Each structure stands twice: as structure tokens, then as C-alpha cells.
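Undergrad: This is the content of coords08.pdb (PDB, C-alpha atoms):
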```pdb
MODEL        1
ATOM      1  CA  MET A1122      17.116 100.173  58.404  1.00  0.00           C
ATOM      2  CA  LEU A1123      20.795  99.766  57.550  1.00  0.00           C
ATOM      3  CA  LEU A1124      23.008 102.708  56.571  1.00  0.00           C
ATOM      4  CA  PRO A1125      26.386 101.195  55.639  1.00  0.00           C
ATOM      5  CA  GLU A1126      29.280 103.558  54.988  1.00  0.00           C
ATOM      6  CA  LEU A1127      31.108 102.671  51.786  1.00  0.00           C
ATOM      7  CA  ARG A1128      34.778 101.790  51.849  1.00  0.00           C
ATOM      8  CA  GLY A1129      36.728 105.028  51.765  1.00  0.00           C
ATOM      9  CA  HIS A1130      33.764 106.982  53.137  1.00  0.00           C
ATOM     10  CA  GLY A1131      32.829 108.099  56.643  1.00  0.00           C
ATOM     11  CA  SER A1132      34.158 105.814  59.364  1.00  0.00           C
ATOM     12  CA  SER A1133      34.975 102.952  56.985  1.00  0.00           C
ATOM     13  CA  ASP A1134      38.610 102.200  56.299  1.00  0.00           C
ATOM     14  CA  HIS A1135      40.358 103.482  53.221  1.00  0.00           C
ATOM     15  CA  SER A1136      41.244 100.850  50.645  1.00  0.00           C
ATOM     16  CA  GLU A1137      43.621 100.112  47.807  1.00  0.00           C
ATOM     17  CA  ALA A1138      40.737  98.748  45.705  1.00  0.00           C
ATOM     18  CA  TYR A1139      37.824 100.907  44.569  1.00  0.00           C
ATOM     19  CA  GLY A1140      36.397  98.986  41.629  1.00  0.00           C
ATOM     20  CA  VAL A1141      32.622  98.958  41.374  1.00  0.00           C
ATOM     21  CA  TYR A1142      32.485  95.241  42.148  1.00  0.00           C
ATOM     22  CA  ASP A1143      34.503  95.761  45.321  1.00  0.00           C
ATOM     23  CA  PHE A1144      31.639  97.993  46.456  1.00  0.00           C
ATOM     24  CA  VAL A1145      29.053  95.463  45.265  1.00  0.00           C
ATOM     25  CA  LEU A1146      30.817  92.713  47.216  1.00  0.00           C
ATOM     26  CA  ASP A1147      30.805  94.886  50.350  1.00  0.00           C
ATOM     27  CA  LEU A1148      27.079  95.466  49.916  1.00  0.00           C
ATOM     28  CA  SER A1149      26.489  91.764  49.395  1.00  0.00           C
ATOM     29  CA  GLU A1150      28.280  91.005  52.663  1.00  0.00           C
ATOM     30  CA  VAL A1151      26.129  93.509  54.519  1.00  0.00           C
ATOM     31  CA  VAL A1152      22.943  92.087  53.021  1.00  0.00           C
ATOM     32  CA  SER A1153      23.816  88.454  53.734  1.00  0.00           C
ATOM     33  CA  SER A1154      24.975  89.207  57.286  1.00  0.00           C
ATOM     34  CA  LEU A1155      22.522  91.789  58.538  1.00  0.00           C
ATOM     35  CA  ALA A1156      19.519  92.251  56.261  1.00  0.00           C
ATOM     36  CA  GLY A1157      16.216  90.433  56.303  1.00  0.00           C
ATOM     37  CA  GLN A1158      14.340  88.661  53.537  1.00  0.00           C
ATOM     38  CA  ARG A1159      12.632  91.737  52.074  1.00  0.00           C
ATOM     39  CA  ILE A1160      15.150  94.280  50.910  1.00  0.00           C
ATOM     40  CA  ALA A1161      14.510  97.743  49.551  1.00  0.00           C
ATOM     41  CA  MET A1162      17.538  99.743  48.463  1.00  0.00           C
ATOM     42  CA  PHE A1163      18.313 103.449  48.258  1.00  0.00           C
ATOM     43  CA  GLY A1164      21.435 104.947  46.702  1.00  0.00           C
ATOM     44  CA  HIS A1165      22.592 108.445  45.792  1.00  0.00           C
ATOM     45  CA  SER A1166      25.208 109.139  43.097  1.00  0.00           C
ATOM     46  CA  LEU A1167      27.928 106.491  43.593  1.00  0.00           C
ATOM     47  CA  GLY A1168      25.504 104.699  45.923  1.00  0.00           C
ATOM     48  CA  GLY A1169      22.931 104.615  43.136  1.00  0.00           C
ATOM     49  CA  HIS A1170      25.550 103.226  40.769  1.00  0.00           C
ATOM     50  CA  ILE A1171      26.293 100.455  43.270  1.00  0.00           C
ATOM     51  CA  VAL A1172      22.703  99.488  44.113  1.00  0.00           C
ATOM     52  CA  SER A1173      21.806  99.344  40.415  1.00  0.00           C
ATOM     53  CA  ARG A1174      24.630  96.845  39.923  1.00  0.00           C
ATOM     54  CA  TYR A1175      23.582  94.833  42.966  1.00  0.00           C
ATOM     55  CA  ALA A1176      19.902  94.776  42.019  1.00  0.00           C
ATOM     56  CA  ALA A1177      20.751  93.507  38.522  1.00  0.00           C
ATOM     57  CA  VAL A1178      23.223  90.831  39.650  1.00  0.00           C
ATOM     58  CA  PHE A1179      21.244  89.676  42.716  1.00  0.00           C
ATOM     59  CA  PRO A1180      17.611  90.238  41.642  1.00  0.00           C
ATOM     60  CA  GLU A1181      16.284  87.569  44.006  1.00  0.00           C
ATOM     61  CA  HIS A1182      17.213  89.723  47.015  1.00  0.00           C
ATOM     62  CA  VAL A1183      15.729  93.072  45.978  1.00  0.00           C
ATOM     63  CA  GLU A1184      12.070  94.134  46.004  1.00  0.00           C
ATOM     64  CA  ALA A1185      12.371  97.868  45.344  1.00  0.00           C
ATOM     65  CA  VAL A1186      15.133 100.296  44.378  1.00  0.00           C
ATOM     66  CA  ALA A1187      15.422 104.083  44.618  1.00  0.00           C
ATOM     67  CA  ILE A1188      18.248 105.650  42.616  1.00  0.00           C
ATOM     68  CA  ILE A1189      18.923 109.313  43.321  1.00  0.00           C
ATOM     69  CA  GLU A1190      21.098 111.141  40.778  1.00  0.00           C
ATOM     70  CA  GLY A1191      22.717 107.776  40.063  1.00  0.00           C
ATOM     71  CA  LEU A1192      22.456 107.384  36.273  1.00  0.00           C
ATOM     72  CA  GLY A1193      25.642 109.291  35.557  1.00  0.00           C
ATOM     73  CA  PRO A1194      26.370 112.515  33.674  1.00  0.00           C
ATOM     74  CA  PRO A1195      24.860 113.659  30.383  1.00  0.00           C
ATOM     75  CA  HIS A1196      26.350 112.362  27.143  1.00  0.00           C
ATOM     76  CA  ARG A1197      29.509 114.188  26.124  1.00  0.00           C
ATOM     77  CA  ALA A1198      30.939 114.577  22.632  1.00  0.00           C
ATOM     78  CA  HIS A1199      34.096 112.580  23.376  1.00  0.00           C
ATOM     79  CA  GLU A1200      32.050 109.449  24.067  1.00  0.00           C
ATOM     80  CA  SER A1201      31.641 108.964  20.307  1.00  0.00           C
ATOM     81  CA  ASN A1202      35.226 109.988  19.495  1.00  0.00           C
ATOM     82  CA  GLU A1203      37.776 107.325  20.442  1.00  0.00           C
ATOM     83  CA  ALA A1204      40.815 109.610  20.212  1.00  0.00           C
ATOM     84  CA  ALA A1205      39.179 112.175  22.493  1.00  0.00           C
ATOM     85  CA  GLU A1206      38.082 109.385  24.834  1.00  0.00           C
ATOM     86  CA  MET A1207      41.693 108.276  25.234  1.00  0.00           C
ATOM     87  CA  GLN A1208      42.673 111.814  26.237  1.00  0.00           C
ATOM     88  CA  VAL A1209      39.907 111.927  28.828  1.00  0.00           C
ATOM     89  CA  LEU A1210      40.966 108.537  30.188  1.00  0.00           C
ATOM     90  CA  GLN A1211      44.561 109.759  30.458  1.00  0.00           C
ATOM     91  CA  PHE A1212      43.396 112.733  32.505  1.00  0.00           C
ATOM     92  CA  MET A1213      41.210 110.578  34.755  1.00  0.00           C
ATOM     93  CA  ILE A1214      43.908 107.955  35.287  1.00  0.00           C
ATOM     94  CA  MET A1215      46.532 110.504  36.271  1.00  0.00           C
ATOM     95  CA  ASN A1216      44.175 112.375  38.570  1.00  0.00           C
ATOM     96  CA  ARG A1217      42.117 109.558  40.087  1.00  0.00           C
ATOM     97  CA  LEU A1218      44.326 106.504  40.147  1.00  0.00           C
ATOM     98  CA  ARG A1219      47.401 107.993  41.812  1.00  0.00           C
ATOM     99  CA  HIS A1220      48.218 106.147  45.038  1.00  0.00           C
ATOM    100  CA  GLN A1221      49.128 109.272  46.985  1.00  0.00           C
ATOM    101  CA  LYS A1222      46.289 111.148  48.614  1.00  0.00           C
ATOM    102  CA  ARG A1223      45.098 114.242  46.864  1.00  0.00           C
ATOM    103  CA  ARG A1224      46.352 117.334  48.606  1.00  0.00           C
ATOM    104  CA  THR A1225      43.608 119.606  49.877  1.00  0.00           C
ATOM    105  CA  ARG A1226      43.609 122.813  51.844  1.00  0.00           C
ATOM    106  CA  PRO A1227      43.626 121.948  55.584  1.00  0.00           C
ATOM    107  CA  ILE A1228      40.339 122.319  57.444  1.00  0.00           C
ATOM    108  CA  ARG A1229      40.919 124.614  60.405  1.00  0.00           C
ATOM    109  CA  ASP A1230      37.884 123.624  62.469  1.00  0.00           C
ATOM    110  CA  GLN A1231      34.236 122.608  62.153  1.00  0.00           C
ATOM    111  CA  ALA A1232      33.210 126.212  61.440  1.00  0.00           C
ATOM    112  CA  ASP A1233      35.588 126.235  58.472  1.00  0.00           C
ATOM    113  CA  ALA A1234      34.192 122.900  57.285  1.00  0.00           C
ATOM    114  CA  LEU A1235      30.629 124.226  57.567  1.00  0.00           C
ATOM    115  CA  LYS A1236      31.532 127.336  55.565  1.00  0.00           C
ATOM    116  CA  ARG A1237      33.030 125.222  52.781  1.00  0.00           C
ATOM    117  CA  LEU A1238      30.076 122.829  52.767  1.00  0.00           C
ATOM    118  CA  GLN A1239      27.609 125.676  52.335  1.00  0.00           C
ATOM    119  CA  HIS A1240      29.798 127.315  49.688  1.00  0.00           C
ATOM    120  CA  ASN A1241      29.676 124.113  47.620  1.00  0.00           C
ATOM    121  CA  ASN A1242      25.983 123.550  48.399  1.00  0.00           C
ATOM    122  CA  PRO A1243      24.359 127.005  48.484  1.00  0.00           C
ATOM    123  CA  ARG A1244      20.823 125.612  48.893  1.00  0.00           C
ATOM    124  CA  LEU A1245      21.782 123.684  52.043  1.00  0.00           C
ATOM    125  CA  SER A1246      20.415 125.376  55.153  1.00  0.00           C
ATOM    126  CA  ALA A1247      22.779 126.349  57.950  1.00  0.00           C
ATOM    127  CA  THR A1248      20.868 124.145  60.379  1.00  0.00           C
ATOM    128  CA  ARG A1249      21.193 121.017  58.252  1.00  0.00           C
ATOM    129  CA  ALA A1250      24.800 121.813  57.409  1.00  0.00           C
ATOM    130  CA  HIS A1251      25.617 122.040  61.101  1.00  0.00           C
ATOM    131  CA  GLU A1252      23.992 118.642  61.678  1.00  0.00           C
ATOM    132  CA  LEU A1253      25.959 117.065  58.836  1.00  0.00           C
ATOM    133  CA  ILE A1254      29.463 118.329  59.603  1.00  0.00           C
ATOM    134  CA  PRO A1255      30.305 115.796  62.376  1.00  0.00           C
ATOM    135  CA  HIS A1256      29.554 113.001  59.893  1.00  0.00           C
ATOM    136  CA  LEU A1257      31.593 114.535  57.075  1.00  0.00           C
ATOM    137  CA  VAL A1258      34.911 115.162  58.792  1.00  0.00           C
ATOM    138  CA  ARG A1259      37.332 113.087  60.809  1.00  0.00           C
ATOM    139  CA  GLU A1260      40.134 114.077  63.153  1.00  0.00           C
ATOM    140  CA  THR A1261      43.760 113.440  62.205  1.00  0.00           C
ATOM    141  CA  ASP A1262      47.082 114.324  63.778  1.00  0.00           C
ATOM    142  CA  ASP A1263      47.069 117.476  61.641  1.00  0.00           C
ATOM    143  CA  GLY A1264      43.520 118.526  62.514  1.00  0.00           C
ATOM    144  CA  LEU A1265      40.374 117.856  60.500  1.00  0.00           C
ATOM    145  CA  THR A1266      40.004 116.281  57.077  1.00  0.00           C
ATOM    146  CA  TRP A1267      37.036 115.259  54.967  1.00  0.00           C
ATOM    147  CA  ALA A1268      35.916 111.713  55.767  1.00  0.00           C
ATOM    148  CA  PHE A1269      36.375 110.598  52.183  1.00  0.00           C
ATOM    149  CA  ASP A1270      39.212 109.003  50.258  1.00  0.00           C
ATOM    150  CA  SER A1271      39.421 110.924  46.973  1.00  0.00           C
ATOM    151  CA  ARG A1272      40.754 107.810  45.263  1.00  0.00           C
ATOM    152  CA  ALA A1273      37.286 106.260  45.572  1.00  0.00           C
ATOM    153  CA  ASN A1274      36.391 108.297  42.481  1.00  0.00           C
ATOM    154  CA  SER A1275      38.440 105.811  40.489  1.00  0.00           C
ATOM    155  CA  VAL A1276      35.312 103.646  40.342  1.00  0.00           C
ATOM    156  CA  PHE A1277      34.139 105.776  37.412  1.00  0.00           C
ATOM    157  CA  VAL A1278      37.297 105.550  35.302  1.00  0.00           C
ATOM    158  CA  GLY A1279      36.295 103.946  32.032  1.00  0.00           C
ATOM    159  CA  ALA A1280      32.583 103.887  32.919  1.00  0.00           C
ATOM    160  CA  SER A1281      30.190 104.145  29.995  1.00  0.00           C
ATOM    161  CA  ARG A1282      26.450 104.496  29.508  1.00  0.00           C
ATOM    162  CA  ALA A1283      26.463 101.446  27.209  1.00  0.00           C
ATOM    163  CA  ASN A1284      27.813  99.302  30.038  1.00  0.00           C
ATOM    164  CA  ASP A1285      25.470 100.879  32.587  1.00  0.00           C
ATOM    165  CA  ALA A1286      22.518 100.075  30.325  1.00  0.00           C
ATOM    166  CA  LYS A1287      23.141  96.333  30.617  1.00  0.00           C
ATOM    167  CA  PHE A1288      22.487  96.553  34.350  1.00  0.00           C
ATOM    168  CA  TRP A1289      19.535  98.931  34.134  1.00  0.00           C
ATOM    169  CA  ARG A1290      17.806  96.518  31.733  1.00  0.00           C
ATOM    170  CA  ASN A1291      18.286  93.626  34.149  1.00  0.00           C
ATOM    171  CA  ILE A1292      16.872  95.212  37.304  1.00  0.00           C
ATOM    172  CA  GLN A1293      13.669  93.280  37.932  1.00  0.00           C
ATOM    173  CA  ALA A1294      12.510  95.187  41.006  1.00  0.00           C
ATOM    174  CA  PRO A1295      10.293  98.284  40.715  1.00  0.00           C
ATOM    175  CA  THR A1296      12.604 101.268  40.495  1.00  0.00           C
ATOM    176  CA  CYS A1297      12.226 104.931  41.360  1.00  0.00           C
ATOM    177  CA  VAL A1298      14.731 107.304  39.759  1.00  0.00           C
ATOM    178  CA  ILE A1299      14.973 110.880  41.020  1.00  0.00           C
ATOM    179  CA  SER A1300      16.928 113.565  39.180  1.00  0.00           C
ATOM    180  CA  GLY A1301      17.795 117.129  40.102  1.00  0.00           C
ATOM    181  CA  SER A1302      16.842 119.625  37.399  1.00  0.00           C
ATOM    182  CA  LEU A1303      19.773 121.801  38.489  1.00  0.00           C
ATOM    183  CA  SER A1304      22.318 118.981  38.374  1.00  0.00           C
ATOM    184  CA  PHE A1305      23.952 120.667  35.376  1.00  0.00           C
ATOM    185  CA  GLU A1306      25.655 122.909  37.952  1.00  0.00           C
ATOM    186  CA  TYR A1307      27.494 119.864  39.300  1.00  0.00           C
ATOM    187  CA  TRP A1308      28.202 118.126  35.997  1.00  0.00           C
ATOM    188  CA  GLY A1309      29.376 121.332  34.356  1.00  0.00           C
ATOM    189  CA  ALA A1310      31.814 122.090  37.184  1.00  0.00           C
ATOM    190  CA  GLU A1311      32.946 118.467  37.543  1.00  0.00           C
ATOM    191  CA  MET A1312      33.673 117.694  33.911  1.00  0.00           C
ATOM    192  CA  GLY A1313      32.689 120.693  31.854  1.00  0.00           C
ATOM    193  CA  ASP A1314      34.632 122.312  29.032  1.00  0.00           C
ATOM    194  CA  GLU A1315      33.862 124.737  26.238  1.00  0.00           C
ATOM    195  CA  ASN A1316      31.747 122.095  24.530  1.00  0.00           C
ATOM    196  CA  PHE A1317      29.854 120.771  27.554  1.00  0.00           C
ATOM    197  CA  ASP A1318      27.691 122.739  29.971  1.00  0.00           C
ATOM    198  CA  GLY A1319      26.484 119.810  32.075  1.00  0.00           C
ATOM    199  CA  ARG A1320      22.939 119.753  30.706  1.00  0.00           C
ATOM    200  CA  PHE A1321      21.051 116.719  29.476  1.00  0.00           C
ATOM    201  CA  ALA A1322      19.856 116.810  25.884  1.00  0.00           C
ATOM    202  CA  GLU A1323      16.128 116.685  25.237  1.00  0.00           C
ATOM    203  CA  ASN A1324      14.731 113.217  25.988  1.00  0.00           C
ATOM    204  CA  GLU A1325      18.184 111.914  26.998  1.00  0.00           C
ATOM    205  CA  MET A1326      17.118 111.064  30.536  1.00  0.00           C
ATOM    206  CA  GLN A1327      13.867 109.502  29.336  1.00  0.00           C
ATOM    207  CA  GLN A1328      15.831 107.227  27.012  1.00  0.00           C
ATOM    208  CA  ARG A1329      17.703 105.909  30.040  1.00  0.00           C
ATOM    209  CA  ILE A1330      14.523 105.474  32.070  1.00  0.00           C
ATOM    210  CA  ASP A1331      12.959 103.480  29.220  1.00  0.00           C
ATOM    211  CA  LEU A1332      15.703 100.856  29.583  1.00  0.00           C
ATOM    212  CA  PHE A1333      14.361  99.781  32.991  1.00  0.00           C
ATOM    213  CA  GLN A1334      11.705  97.073  33.191  1.00  0.00           C
ATOM    214  CA  ASP A1335       9.536  98.921  35.746  1.00  0.00           C
ATOM    215  CA  CYS A1336      10.592 102.470  36.512  1.00  0.00           C
ATOM    216  CA  GLU A1337       9.065 105.763  37.552  1.00  0.00           C
ATOM    217  CA  HIS A1338      11.040 108.976  37.195  1.00  0.00           C
ATOM    218  CA  HIS A1339      10.773 112.299  38.996  1.00  0.00           C
ATOM    219  CA  TRP A1340      12.491 115.617  38.334  1.00  0.00           C
ATOM    220  CA  PHE A1341      13.097 117.756  41.437  1.00  0.00           C
ATOM    221  CA  ASP A1342      13.058 121.305  40.122  1.00  0.00           C
ATOM    222  CA  GLN A1343      14.752 122.907  43.129  1.00  0.00           C
ATOM    223  CA  SER A1344      17.560 120.339  43.395  1.00  0.00           C
ATOM    224  CA  GLY A1345      21.022 119.917  41.980  1.00  0.00           C
ATOM    225  CA  HIS A1346      23.079 116.751  42.281  1.00  0.00           C
ATOM    226  CA  MET A1347      22.713 116.742  46.080  1.00  0.00           C
ATOM    227  CA  VAL A1348      18.960 116.206  46.148  1.00  0.00           C
ATOM    228  CA  HIS A1349      19.035 115.115  49.798  1.00  0.00           C
ATOM    229  CA  TYR A1350      20.525 118.501  50.694  1.00  0.00           C
ATOM    230  CA  ASP A1351      18.286 120.624  48.487  1.00  0.00           C
ATOM    231  CA  GLU A1352      14.828 119.032  48.948  1.00  0.00           C
ATOM    232  CA  PRO A1353      15.207 116.507  51.786  1.00  0.00           C
ATOM    233  CA  ASP A1354      11.600 116.532  52.968  1.00  0.00           C
ATOM    234  CA  ARG A1355      10.168 116.015  49.496  1.00  0.00           C
ATOM    235  CA  LEU A1356      12.706 113.265  48.819  1.00  0.00           C
ATOM    236  CA  ALA A1357      11.834 111.463  52.054  1.00  0.00           C
ATOM    237  CA  ALA A1358       8.095 111.704  51.418  1.00  0.00           C
ATOM    238  CA  LEU A1359       8.311 110.441  47.846  1.00  0.00           C
ATOM    239  CA  CYS A1360      10.597 107.517  48.684  1.00  0.00           C
ATOM    240  CA  THR A1361       8.475 106.534  51.679  1.00  0.00           C
ATOM    241  CA  GLN A1362       5.364 106.471  49.488  1.00  0.00           C
ATOM    242  CA  PHE A1363       7.198 104.464  46.792  1.00  0.00           C
ATOM    243  CA  TYR A1364       8.384 101.813  49.262  1.00  0.00           C
ATOM    244  CA  ARG A1365       4.970 101.529  50.918  1.00  0.00           C
ATOM    245  CA  GLU A1366       3.300 100.934  47.583  1.00  0.00           C
ATOM    246  CA  LYS A1367       5.837  98.463  46.208  1.00  0.00           C
ATOM    247  CA  LEU A1368       6.316  96.527  49.439  1.00  0.00           C
ATOM    248  CA  ASN A1369       2.616  96.630  50.405  1.00  0.00           C
ATOM    249  CA  LEU A1370       3.456  98.107  53.805  1.00  0.00           C
TER     250      LEU A1370
ENDMDL
END
```
Written as C-alpha cells, how would this file's structure read?

TA:
Amino acid sequence: MLLPELRGHGSSDHSEAYGVYDFVLDLSEVVSSLAGQRIAMFGHSLGGHIVSRYAAVFPEHVEAVAIIEGLGPPHRAHESNEAAEMQVLQFMIMNRLRHQKRRTRPIRDQADALKRLQHNNPRLSATRAHELIPHLVRETDDGLTWAFDSRANSVFVGASRANDAKFWRNIQAPTCVISGSLSFEYWGAEMGDENFDGRFAENEMQQRIDLFQDCEHHWFDQSGHMVHYDEPDRLAALCTQFYREKLNL
């Protein structure tokens, strides 16, 4: 099993380039250098976005794919209004493509980091949060900081469901998509306004699933966007069963 840390995440170096195909190239290098002949992929959120691209572009290397909360946010009104879309792009460009690091409140110590992690993820147990903290922070001359370059979010600037659909349609491997029923909490806080509450419209998710050639979909009723925090045991069991069936293990 390989668990690569994306550029700008964890112990990987920060970068000046965070386009989606920079991530795909990194993944390709890992696969060609370290992976075997039978590859199953797992990706959450941005990771799901990346593995869906890889599986579509390099179908000969991939035998099964699990995408966790990786099909993007619900449709928003501005996506069919070009003038409104330009305003959203202006906001995203100014906030996500700036070269200077985003200023955040300093993290005093690991206890402070744990408190913030649980505040943002109220369903995450204290035990699991404590286990995660060493992997989520790094030491600097000024103390602790999150092990994440906020500029990596620039990968989503200009992203669209129409473009995503081209890749979903071209994934040949059996695919398992898992969605958190409570993910509206995340989408509403991340990009909500008076006209958007973060919820998917009826049948909207199913329309995306139907674009895949061979796809099963599961809603996790007790999970938000961070499914691996909220229902980790169920997630592990389902993915293990999926890989065993598709890879004939």
C-alpha cells in the first residue's frame, strides 16, 4: 500500500504550481516508480478529483477506483449565469491565487491544534483526533502550523461539472463513490450564500453517478465531507469489500 502526500500537503514540499495536472503527473511518477501491475486507487475530496483524472487518462494502469466526497459541490445558480460566474472567479482568483501565504491564527501547541480540529469536525472522536494531530501540523521557527499550503486550493479555480464529466465518462475501471449525507454542512460553509445552502438537488448526485461506465454509489448518513473522520470503520469495511470483489482477492 502506498500513501503519497500531495504536493503542498503533509511532509511534501510546497510548490508554485498547483494545477490538477501537476498533481496527476506526481501520481503518475509514484505509480511508475513504486507501484505494481495491479493498481487500485482511493482518493478523498481533492484526492478523489486527482484519481478520477488519472484513471481516465491512464486507464490501462487502474483496476478499481474509490472516490470519497470527490465529485465536487452541488450545482450553484451562478454556474448558468456567466456574469455571476465571472464575479465568483474574481473572488477565487484574489483569494486562492495570491502568492503570499494566507495568514492564519498561530497554533500555540498540539492541544490547541486538537481543539481546533474537533471544533471543525464535531463528529471526530478525541482519540482519533489525538492520533491525527502529529500528521496535520508541522513545526516552524514560529511554532506550529497546519501541514498544508492554502494555495493548493487553486486547483479548483475555474473547475466545472461539465469538464469533470468528460473524465468520469472515461473511467473504465469499476468505481465506488461514497458521499456524506451531511456534506451540505461543509459546502454551505465553504461557498454558501443566501441562495445556496450546500445541499444537492433531488437526483443531482445520481445524474453524476450515471455518467460512469461501472459505478456503485453509497450515501453515509452519519458523515459530512470528512467521511474518514465521521465513519472510518464503515468506510474501511466497504472499501475493503469493494476491492476484494473487483480485484478477485

Undergrad: Using the chain letters and numbers from this file, what does the PyMOL selection byres ((chain A and resi 1335) around 12) select? Give the answer as number ranges by chain.

TA: A: 1184-1187, 1289-1298, 1330-1334, 1336-1338, 1367

Undergrad: Please report the interatomic distance between atom CA of Arg1320 of chain A and atom CA of Gly1301 of chain A in Å with one decimal.

TA: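 Computed distance, atom CA of Arg1320 of chain A to atom CA of Gly1301 of chain A, equals 11.0 Å.
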
Undergrad: Evaluating the PyMOL selection byres ((chain A and resi 1157) around 12) on the displayed file yields which residues, as a PyMOL selection string?

TA: chain A and resi 1122-1123+1151-1156+1158-1161+1182-1184

Undergrad: What lies within 12 Å of Arg1249 of chain A using only C-alpha atoms, ignoring chain neighbours under 2 positions off, as a PyMOL selection string?

TA: chain A and resi 1235+1238-1239+1242-1247+1251-1256+1349-1354

Undergrad: I'd like the contact shell of segment 1207-1216 of chain A - 7 Å cut-off, all atoms listed in the file, skipping same-chain residues fewer than 3 positions apart - returned as a count of residues only.

TA: 5

Undergrad: What do you get, as a list in words, if you spell out every residue that the PyMOL selection byres ((chain A and resi 1266-1276) around 6) selects here?

TA: Gly1129, His1130, Gly1131, Tyr1139, Gly1140, Val1141, Arg1217, Leu1218, Leu1257, Val1258, Arg1259, Leu1265, Phe1277 and Val1278 of chain A

Undergrad: Rounded to one decimal place, report the atom CA of Ala1310 of chain A-atom CA of Gln1327 of chain A distance in Å.

TA: 23.3 Å

Undergrad: Any idea what's packed within 10 Å of Phe1144 of chain A, counting only C-alpha atoms, ignoring anything in its chain fewer than 6 positions away? Could you give it as a list of chain:residue names?

TA: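 Surrounding residues, per the criterion: A:Leu1127, A:Arg1128, A:Ala1138, A:Glu1150, A:Leu1167, A:Gly1168, A:His1170, A:Ile1171, A:Val1172, A:Arg1174, A:Tyr1175, A:Val1276.
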